[in-house]
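S.K.: Following this line is entry-v3.tsv, made up of TSV, C-alpha atoms:
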chain	number	residue	atom	x	y	z
Y	1	MET	CA	117.56	280.78	65.08
Y	2	SER	CA	114.46	280.31	67.21
Y	3	PRO	CA	113.95	277.35	69.57
Y	4	TRP	CA	111.28	275.93	67.27
Y	5	GLU	CA	113.68	275.93	64.31
Y	6	SER	CA	116.32	274.14	66.41
Y	7	VAL	CA	113.88	271.41	67.51
Y	8	HIS	CA	112.61	271.07	63.94
Y	9	SER	CA	116.16	270.69	62.60
Y	10	VAL	CA	117.04	268.00	65.17
Y	11	LEU	CA	113.85	266.04	64.45
Y	12	ALA	CA	114.45	266.29	60.71
Y	13	VAL	CA	117.99	264.93	61.02
Y	14	VAL	CA	116.87	262.07	63.31
Y	15	GLY	CA	113.96	261.21	60.99
Y	16	ALA	CA	116.17	261.25	57.90
Y	17	GLY	CA	118.68	259.00	59.66
Y	18	LEU	CA	116.01	256.48	60.63
Y	19	PHE	CA	114.66	256.51	57.07
Y	20	ALA	CA	118.15	255.83	55.72
Y	21	VAL	CA	118.72	252.93	58.14
Y	22	VAL	CA	115.39	251.31	57.19
Y	23	ALA	CA	116.04	251.80	53.47
Y	24	VAL	CA	119.51	250.23	53.67
Y	25	GLY	CA	118.15	247.37	55.81
Y	26	CYS	CA	115.50	246.57	53.21
Y	27	VAL	CA	117.96	246.26	50.31
Y	28	TRP	CA	120.88	244.70	52.21
Y	29	PRO	CA	121.64	241.23	50.80
Y	30	VAL	CA	121.00	238.30	53.08
Y	31	ILE	CA	123.48	235.49	52.57
Y	32	ARG	CA	122.17	232.09	53.59
Y	33	PRO	CA	124.28	228.93	53.63
Y	34	ARG	CA	123.59	226.54	50.77
Y	35	HIS	CA	122.93	223.49	52.87
Y	36	GLU	CA	121.28	224.34	56.11
Y	37	ALA	CA	121.06	221.49	58.53
Y	38	PRO	CA	117.43	220.40	58.91
Y	39	ALA	CA	115.97	221.18	62.26
Y	40	ARG	CA	115.80	218.10	64.44
Y	41	PRO	CA	112.31	217.39	65.65
Y	42	ARG	CA	111.94	217.24	69.40
Y	43	PRO	CA	111.02	213.90	70.85
Y	44	ALA	CA	107.39	213.71	71.83
Y	45	ARG	CA	106.80	213.76	75.55
Y	46	ALA	CA	103.70	212.75	77.36
Y	47	HIS	CA	101.74	215.76	78.52
Y	48	ARG	CA	101.73	216.02	82.26
Y	49	PRO	CA	99.58	218.61	83.98
Y	50	MET	CA	101.47	220.95	86.26
Y	51	ARG	CA	101.12	220.37	89.96
Y	52	PRO	CA	99.93	223.38	91.90
Y	53	MET	CA	102.67	224.79	94.09
Y	54	GLU	CA	101.99	224.31	97.74
Y	55	TRP	CA	103.32	226.99	100.02
Y	56	PRO	CA	104.80	225.98	103.36
Y	57	MET	CA	102.49	226.45	106.28
Y	58	ASP	CA	104.89	228.83	108.02
Y	59	TRP	CA	108.04	230.76	107.08
Y	60	THR	CA	109.52	231.18	110.54
Y	61	CYS	CA	112.27	229.23	112.26
Y	62	ASP	CA	110.13	228.66	115.39
Y	63	LEU	CA	108.72	225.31	116.40
Y	64	PRO	CA	105.54	224.51	114.46
Y	65	ASN	CA	102.22	224.89	116.29
Y	66	ARG	CA	101.00	221.53	114.97
Y	67	PRO	CA	102.80	218.43	113.71
Y	68	LEU	CA	104.32	218.84	110.26
Y	69	SER	CA	102.98	216.77	107.39
Y	70	LEU	CA	105.54	214.87	105.34
Y	71	ARG	CA	105.29	217.43	102.53
Y	72	ASP	CA	105.75	220.32	104.98
Y	73	ALA	CA	108.70	218.53	106.59
Y	74	HIS	CA	110.41	218.08	103.21
Y	75	ARG	CA	109.81	221.74	102.37
Y	76	ALA	CA	111.08	222.90	105.78
Y	77	MET	CA	114.29	220.91	105.27
Y	78	GLN	CA	114.76	222.62	101.90
Y	79	LEU	CA	114.02	226.14	103.17
Y	80	HIS	CA	116.13	225.86	106.33
Y	81	ARG	CA	119.08	223.85	104.96
Y	82	GLU	CA	121.62	226.57	105.74
Y	83	HIS	CA	121.05	226.61	109.49
Y	84	GLY	CA	119.91	224.31	112.30
Y	85	CYS	CA	116.77	226.01	113.61
Y	86	ALA	CA	113.93	224.48	115.65
Y	87	ARG	CA	111.70	224.02	112.58
Y	88	LYS	CA	114.46	222.12	110.74
Y	89	ARG	CA	115.01	219.87	113.76
Y	90	ALA	CA	111.25	219.13	113.96
Y	91	ALA	CA	111.14	218.39	110.23
Y	92	PHE	CA	114.21	216.15	110.52
Y	93	ALA	CA	112.63	214.23	113.40
Y	94	MET	CA	109.38	213.80	111.39
Y	95	LEU	CA	111.25	212.47	108.35
Y	96	VAL	CA	113.30	210.08	110.50
Y	97	ALA	CA	110.15	208.83	112.24
Y	98	HIS	CA	108.51	208.06	108.88
Y	99	GLY	CA	111.65	206.44	107.44
Y	100	HIS	CA	112.31	209.06	104.77
Y	101	ILE	CA	115.74	209.86	106.25
Y	102	VAL	CA	118.17	207.45	107.85
Y	103	PRO	CA	120.50	209.52	110.02
Y	104	ASP	CA	124.21	208.86	109.77
Y	105	SER	CA	125.53	208.12	113.26
Y	106	ALA	CA	128.79	209.93	112.49
Y	107	ARG	CA	127.02	213.15	111.48
Y	108	GLN	CA	124.10	213.18	113.89
Y	109	HIS	CA	126.06	214.96	116.62
Y	110	GLY	CA	127.23	217.65	114.17
Y	111	PHE	CA	123.67	218.32	112.98
Y	112	TRP	CA	122.15	218.75	116.42
Y	113	GLY	CA	125.08	220.42	118.12
Y	114	SER	CA	126.50	222.85	115.57
Y	115	GLY	CA	123.49	225.15	115.07
Y	116	ARG	CA	124.92	226.44	111.78
If you took the structure in this file and wrote it as structure tokens, what would it be?

M.R.:
Amino acid sequence: MSPWESVHSVLAVVGAGLFAVVAVGCVWPVIRPRHEAPARPRPARAHRPMRPMEWPMDWTCDLPNRPLSLRDAHRAMQLHREHGCARKRAAFAMLVAHGHIVPDSARQHGFWGSGR
């Protein structure tokens, strides 16, 4: 048997198998429940345009070159929540100064001293 005959035989068997699967799938009975629950309509929500994502001004843990805006300070606190770097401390101080965070006197020492 030549290589061409072998390839032809394999392709013929695969093609016949695919044809059989499609033929059985077309005639297979589909059983649907008698009383399907009607789909519940979703409540209408007011369309709100998406806000553009604002990237932080810097990704490093160094002190910022300029004062952080409130939005940058919030984002820095989110990005650096796992450790106490200089950028997180500057963001924390900015948020405290603007009244967005009220530091807990019992935890303040742990935040500044631990450096986690």

S.K.: I want to know what sits within 6 Å of stretch 60-63 of chain Y, based on only C-alpha atoms, with residues of the same chain fewer than 5 positions away left out; could you give that as a PDB file with C-alpha atoms, in the frame of the given file?

M.R.:
ATOM      1  CA  CYS Y  85     116.770 226.010 113.610  1.00  0.00           C
ATOM      2  CA  ALA Y  86     113.930 224.480 115.650  1.00  0.00           C
ATOM      3  CA  ARG Y  87     111.700 224.020 112.580  1.00  0.00           C
TER       4      ARG Y  87
END

S.K.: At what distance in Å, to one decimal, does atom CA of Y:Val96 lie from atom CA of Y:Pro64?

M.R.: 16.9 Å

S.K.: When you draw a straight line from atom CA of Y:Ala90 to atom CA of Y:Met50, how long is it in Å?

M.R.: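 Atom CA of Y:Met50 lies at a distance of 29.4 Å from atom CA of Y:Ala90.
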